[in-house]
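Step one of this worksheet: look at the structure below.
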Amino acid sequence: MILKVMSWNMAGAKVFGCLDGDPDPVAKTYIKHFYEAWEQGVLRQFQTSKHQPDYPDIILLQECIGFVDHRATPSGRWQTGKQILEGVFSSSYECFFFPAFSSHTHPHPARWNQLWQGGGTTHYIPEEIEAQQGYGVCVRRDPAPLRRLWVKDPQPDTTKDPIDRPNPLQYNLCFEAIHTATGLYLGGRDTEPRLVVLGRLKVPDGPGGERYVNFLDVHLTTLKGEREGKIRLDRQGSRIRLQQLEMILDNIISAYQEATQHRMPRTAPHQKEDIWVMAGDFNATPVSEELELVGQAGFVDGNPDKHLEDAEGTFDGQIGTKWSIRRDPGAPGGPPFINKYIGPPIVVDYVLCGLQSSAFSVNGVSMARSRRPYRPPFPQGSPFEPDHAVLFASLDVK
């Protein structure tokens with residue numbers, strides 16, 4: 001069974017402080033820059049022949065943004081998260097957006113006052129517009145449709161074909177968005193609400209066989225000031241992420257494994273156990289307790305080679321998936337802004353594949369066709385350039 005997974009932290013919150021001018025759609029330039037990076041960079045990086053890129057089956061995204069126009073007569077200026085993702089990834093994927101927090105559900109002034117009229121932005125967000133930040137999932141339209149996680153009937157008629165194929169209009173029934181952090185939102189990333197988005201596919205597994213894959217889109221908490229030599233903050237951040245991972249392992253993955261009712265039954269006599277994939281921004285390094293925990297649970301790294309491939313050569317060959325960007329004024333006669341890259345990159349993003357060891361054969365999982373982390377090209381000085389690499393893992397589960 002081969003499953004191709006892509007993960008990318010898109011740093012979409014940068015749109016909030018850099019809205020396109022009225023009456024243009026607010027994410028017009030953002031979509032343009034990411035679409036060009038996808039078409040001219042990422043897909044070419046995945047190229048396996050002259051005509052066909054090695055398209056991911058599923059794309060798991062973090063830090064996506066969207067807007068909801070609550071006015072009686074919407075203007076069309078404010079795109080939803082789904083529309084923004086569709087603008088980037090074109091017609092090849094069915095796109096879904098899951099907001100974790102917004103200006104209406106978590107209206108802390110420290111986060112949102114700067115975006116309202118008089119708050120400092122040239123093009124402000126009206127109070128009737130809900131600005132959202134969250135997660136994105138894009139599933140390739142062909143060949144893998146989404147599947148339900150739970151059966152509708154505790155005693156389904158298995159003679160009907162097939163019981164787990166949803167109506168295309170019911171795709172959202174295939175997801176569960178699960179909160180992994182609670183508490184009062186205080187307007188900063190230390191208390192930012194976090195989700196794990198759970199979905200399910202069925203993919204080919206050998207001649208005439210199929211196998212379920214359950215995937216988790218993950219973005220774990222990070223604290224302001226971590227990884228800057230402040231021991232207390234580093235330890236506190238690690239404890240929070242360990243709690244989130246324990247919830248994922250115990251209360252999501254294990255909870256489904258141990259479910260005795262309503263779980264989707266196997267449709268073949270010798271069908272193998274489900275494969276689980278966790279991908280996203282873990283905000284933890286490879287030598288952390290967090291990665292040790294998921295390794296002990298039987299997960300393997302789908303991108304074992306973390307040497308960064310850089311379309312612009314800035315970090316080419318260095319080990320890392322994330323870097324720091326500072327936007328500085330450009331020189332006279334040049335671009336108005338340049339992006340300055342600070343310090344070496346670090347590894348915090350992963351595509352992890354696993355289950356208990358009995359789910360794999362002796363040969364385990366082959367990652368021979370996985371790619372190294374990739375930094376795609378963006379226009380010089382683009383305010384939307386993300387600070388995370390694209391990860392592409394090709395998981396051949398024996």
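All residue names refer to the structure tokens as shown: chains lettered A, B, ... in order, residues numbered from 1 in each chain, ligands numbered from 1 in order.
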Using DSSP on the backbone coordinates, identify the residues of segment 139-213 of chain A assigned to strand (DSSP E or B); present them as a ChimeraX atom specification.
-> /A:139-140,146,150,176-179,195-204,210-213
What residues in segment 130-321 of chain A get the DSSP label helix (DSSP H, G or I)? Please answer as an NGL selection string.
-> :A and (168-174 or 189-191 or 231-257 or 289-296)
Serialized selection, N, CA and C atoms, as a short mmCIF file (atom, residue, chain, number, x, y, z; two decimals), in the first residue's frame:
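Saved the output as selection34.cif:
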data_model
loop_
_atom_site.label_atom_id
_atom_site.label_comp_id
_atom_site.auth_asym_id
_atom_site.auth_seq_id
_atom_site.Cartn_x
_atom_site.Cartn_y
_atom_site.Cartn_z
N PRO A 168 -21.35 12.46 -1.88
CA PRO A 168 -20.43 13.59 -2.03
C PRO A 168 -20.87 14.84 -1.28
N LEU A 169 -22.16 15.00 -1.06
CA LEU A 169 -22.65 16.18 -0.35
C LEU A 169 -22.49 16.04 1.16
N GLN A 170 -22.04 14.89 1.62
CA GLN A 170 -21.91 14.65 3.06
C GLN A 170 -20.45 14.49 3.48
N TYR A 171 -19.54 15.06 2.71
CA TYR A 171 -18.12 14.88 3.01
C TYR A 171 -17.78 15.31 4.43
N ASN A 172 -18.38 16.39 4.90
CA ASN A 172 -18.00 16.88 6.21
C ASN A 172 -18.36 15.91 7.33
N LEU A 173 -19.23 14.94 7.05
CA LEU A 173 -19.51 13.91 8.05
C LEU A 173 -18.30 13.03 8.29
N CYS A 174 -17.31 13.10 7.39
CA CYS A 174 -16.15 12.21 7.49
C CYS A 174 -15.07 12.76 8.40
N ARG A 189 -0.29 33.39 21.11
CA ARG A 189 -0.16 31.99 20.71
C ARG A 189 -0.01 31.05 21.90
N ASP A 190 0.38 31.58 23.09
CA ASP A 190 0.52 30.72 24.26
C ASP A 190 -0.80 30.05 24.63
N THR A 191 -1.91 30.74 24.39
CA THR A 191 -3.23 30.21 24.75
C THR A 191 -4.10 29.97 23.51
N ILE A 231 15.08 28.06 29.92
CA ILE A 231 14.84 26.68 30.31
C ILE A 231 13.42 26.48 30.79
N ARG A 232 12.90 27.38 31.64
CA ARG A 232 11.56 27.22 32.18
C ARG A 232 10.53 27.18 31.07
N LEU A 233 10.64 28.09 30.09
CA LEU A 233 9.68 28.12 28.99
C LEU A 233 9.77 26.87 28.13
N ASP A 234 11.00 26.42 27.87
CA ASP A 234 11.17 25.21 27.07
C ASP A 234 10.52 24.01 27.75
N ARG A 235 10.70 23.90 29.05
CA ARG A 235 10.13 22.78 29.79
C ARG A 235 8.61 22.88 29.84
N GLN A 236 8.10 24.10 30.03
CA GLN A 236 6.65 24.29 30.09
C GLN A 236 6.00 23.96 28.74
N GLY A 237 6.61 24.44 27.66
CA GLY A 237 6.08 24.15 26.33
C GLY A 237 6.10 22.66 26.05
N SER A 238 7.15 21.98 26.44
CA SER A 238 7.25 20.54 26.22
C SER A 238 6.16 19.80 26.99
N ARG A 239 5.90 20.22 28.23
CA ARG A 239 4.85 19.56 29.03
C ARG A 239 3.48 19.71 28.35
N ILE A 240 3.20 20.89 27.81
CA ILE A 240 1.91 21.11 27.14
C ILE A 240 1.79 20.19 25.93
N ARG A 241 2.83 20.11 25.14
CA ARG A 241 2.78 19.26 23.94
C ARG A 241 2.68 17.78 24.29
N LEU A 242 3.36 17.37 25.37
CA LEU A 242 3.25 15.98 25.81
C LEU A 242 1.81 15.66 26.21
N GLN A 243 1.14 16.60 26.88
CA GLN A 243 -0.25 16.40 27.25
C GLN A 243 -1.12 16.27 26.00
N GLN A 244 -0.85 17.10 25.00
CA GLN A 244 -1.63 17.04 23.77
C GLN A 244 -1.39 15.72 23.04
N LEU A 245 -0.15 15.27 22.99
CA LEU A 245 0.15 14.00 22.33
C LEU A 245 -0.43 12.81 23.10
N GLU A 246 -0.40 12.87 24.42
CA GLU A 246 -1.01 11.80 25.20
C GLU A 246 -2.51 11.72 24.92
N MET A 247 -3.15 12.87 24.75
CA MET A 247 -4.57 12.86 24.40
C MET A 247 -4.78 12.24 23.02
N ILE A 248 -3.91 12.60 22.06
CA ILE A 248 -4.03 12.03 20.71
C ILE A 248 -3.85 10.51 20.75
N LEU A 249 -2.83 10.04 21.46
CA LEU A 249 -2.54 8.61 21.48
C LEU A 249 -3.58 7.82 22.29
N ASP A 250 -4.00 8.39 23.43
CA ASP A 250 -4.90 7.65 24.32
C ASP A 250 -6.37 7.86 24.01
N ASN A 251 -6.74 9.11 23.68
CA ASN A 251 -8.15 9.45 23.58
C ASN A 251 -8.66 9.59 22.15
N ILE A 252 -7.77 9.44 21.18
CA ILE A 252 -8.22 9.45 19.78
C ILE A 252 -7.86 8.11 19.14
N ILE A 253 -6.56 7.84 19.01
CA ILE A 253 -6.14 6.62 18.31
C ILE A 253 -6.55 5.38 19.10
N SER A 254 -6.16 5.30 20.37
CA SER A 254 -6.50 4.12 21.16
C SER A 254 -8.00 4.00 21.37
N ALA A 255 -8.67 5.14 21.52
CA ALA A 255 -10.12 5.10 21.71
C ALA A 255 -10.81 4.46 20.51
N TYR A 256 -10.33 4.76 19.30
CA TYR A 256 -10.95 4.15 18.13
C TYR A 256 -10.56 2.68 18.00
N GLN A 257 -9.30 2.38 18.29
CA GLN A 257 -8.85 0.99 18.21
C GLN A 257 -9.67 0.08 19.13
N GLU A 289 11.28 14.97 24.11
CA GLU A 289 10.45 13.94 24.74
C GLU A 289 9.20 13.69 23.92
N GLU A 290 8.71 14.72 23.23
CA GLU A 290 7.50 14.57 22.43
C GLU A 290 7.69 13.54 21.31
N LEU A 291 8.79 13.67 20.58
CA LEU A 291 9.05 12.72 19.48
C LEU A 291 9.43 11.35 20.01
N GLU A 292 10.05 11.31 21.18
CA GLU A 292 10.34 10.02 21.80
C GLU A 292 9.05 9.29 22.14
N LEU A 293 8.05 10.04 22.62
CA LEU A 293 6.77 9.44 22.99
C LEU A 293 6.08 8.81 21.78
N VAL A 294 6.00 9.54 20.65
CA VAL A 294 5.31 8.98 19.49
C VAL A 294 6.12 7.83 18.87
N GLY A 295 7.43 7.88 19.00
CA GLY A 295 8.25 6.77 18.54
C GLY A 295 8.00 5.52 19.36
N GLN A 296 7.85 5.67 20.67
CA GLN A 296 7.55 4.52 21.53
C GLN A 296 6.19 3.93 21.21
#
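Nearest-residue note for Glu309 of chain A: choosing from A:Leu85, A:Ala72, A:Leu186, A:Val390, the minimum distance belongs to A:Val390, counting only C-alpha atoms.
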Spatial neighbours of Lys322 of chain A, max dist 10 Å, only C-alpha atoms, sep filter under 6 positions, as a PyMOL selection string | chain A and resi 9+281+283+308+344-349+373+375+386-390
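Pairwise distance (atom CA of His108 of chain A, atom CA of Gly188 of chain A) equals 9.1 Å.
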Go through A:Gly66, A:Gly364, A:Gly136, A:Pro56 one by one, measure the shortest atom-to-atom distance of each to Cys95 of chain A using only C-alpha atoms, and give the residue with the smallest value.
-> A:Gly136
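As for atom CA of Met278 of chain A and atom CA of Phe299 of chain A, they are spaced 8.7 Å apart.
Nearest residue to Ser394 of chain A among A:Gly313, A:Gly302, A:Pro377, A:Gly209 is A:Gly302, counting only C-alpha atoms.
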Tell me which protein, DNA and RNA residues are within 8 Å of Tyr212 of chain A, counting only C-alpha atoms, leaving out same-chain ones fewer than 4 positions away, and put them as a ChimeraX atom specification.
-> /A:200-203,273-275
For those residues, write N, CA and C atoms to a file as an mmCIF file, in the first residue's frame.
data_model
loop_
_atom_site.group_PDB
_atom_site.id
_atom_site.type_symbol
_atom_site.label_atom_id
_atom_site.label_comp_id
_atom_site.auth_asym_id
_atom_site.auth_seq_id
_atom_site.Cartn_x
_atom_site.Cartn_y
_atom_site.Cartn_z
ATOM 1 N N ARG A 200 -10.524 10.008 7.240
ATOM 2 C CA ARG A 200 -10.363 8.587 6.924
ATOM 3 C C ARG A 200 -10.437 8.362 5.418
ATOM 4 N N LEU A 201 -9.520 7.541 4.917
ATOM 5 C CA LEU A 201 -9.504 7.133 3.520
ATOM 6 C C LEU A 201 -9.462 5.618 3.430
ATOM 7 N N LYS A 202 -9.826 5.095 2.260
ATOM 8 C CA LYS A 202 -9.561 3.686 1.958
ATOM 9 C C LYS A 202 -8.716 3.665 0.700
ATOM 10 N N VAL A 203 -7.564 3.004 0.770
ATOM 11 C CA VAL A 203 -6.626 3.020 -0.349
ATOM 12 C C VAL A 203 -6.321 1.582 -0.779
ATOM 13 N N GLU A 273 -5.198 -4.261 9.864
ATOM 14 C CA GLU A 273 -5.519 -3.167 10.775
ATOM 15 C C GLU A 273 -5.337 -1.812 10.082
ATOM 16 N N ASP A 274 -6.043 -0.809 10.612
ATOM 17 C CA ASP A 274 -5.917 0.543 10.070
ATOM 18 C C ASP A 274 -4.486 1.060 10.231
ATOM 19 N N ILE A 275 -4.088 1.870 9.267
ATOM 20 C CA ILE A 275 -2.853 2.641 9.389
ATOM 21 C C ILE A 275 -3.223 4.042 9.897
#
Tell me which of A:Leu352, A:Leu184, A:Val151, A:Val397 sits closest to Ser366 of chain A, counting only C-alpha atoms.
-> A:Val397
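Proximity of A:Thr222, A:Ser382, A:Thr314, A:Gln117 to Phe34 of chain A, computed with only C-alpha atoms, is greatest for A:Ser382.
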Write out as a PyMOL selection string the residues lying within 9 Å of Gln62 of chain A, counting only C-alpha atoms and excluding same-chain residues fewer than 2 positions away.
-> chain A and resi 7-12+60+64+134-137+217-219+280-281
Tell me which protein, DNA and RNA residues are within 8 Å of segment 118-130 of chain A, counting only C-alpha atoms, leaving out same-chain ones fewer than 5 positions away, and put them as a PyMOL selection string.
-> chain A and resi 17-22+67-71+78+102-104+113
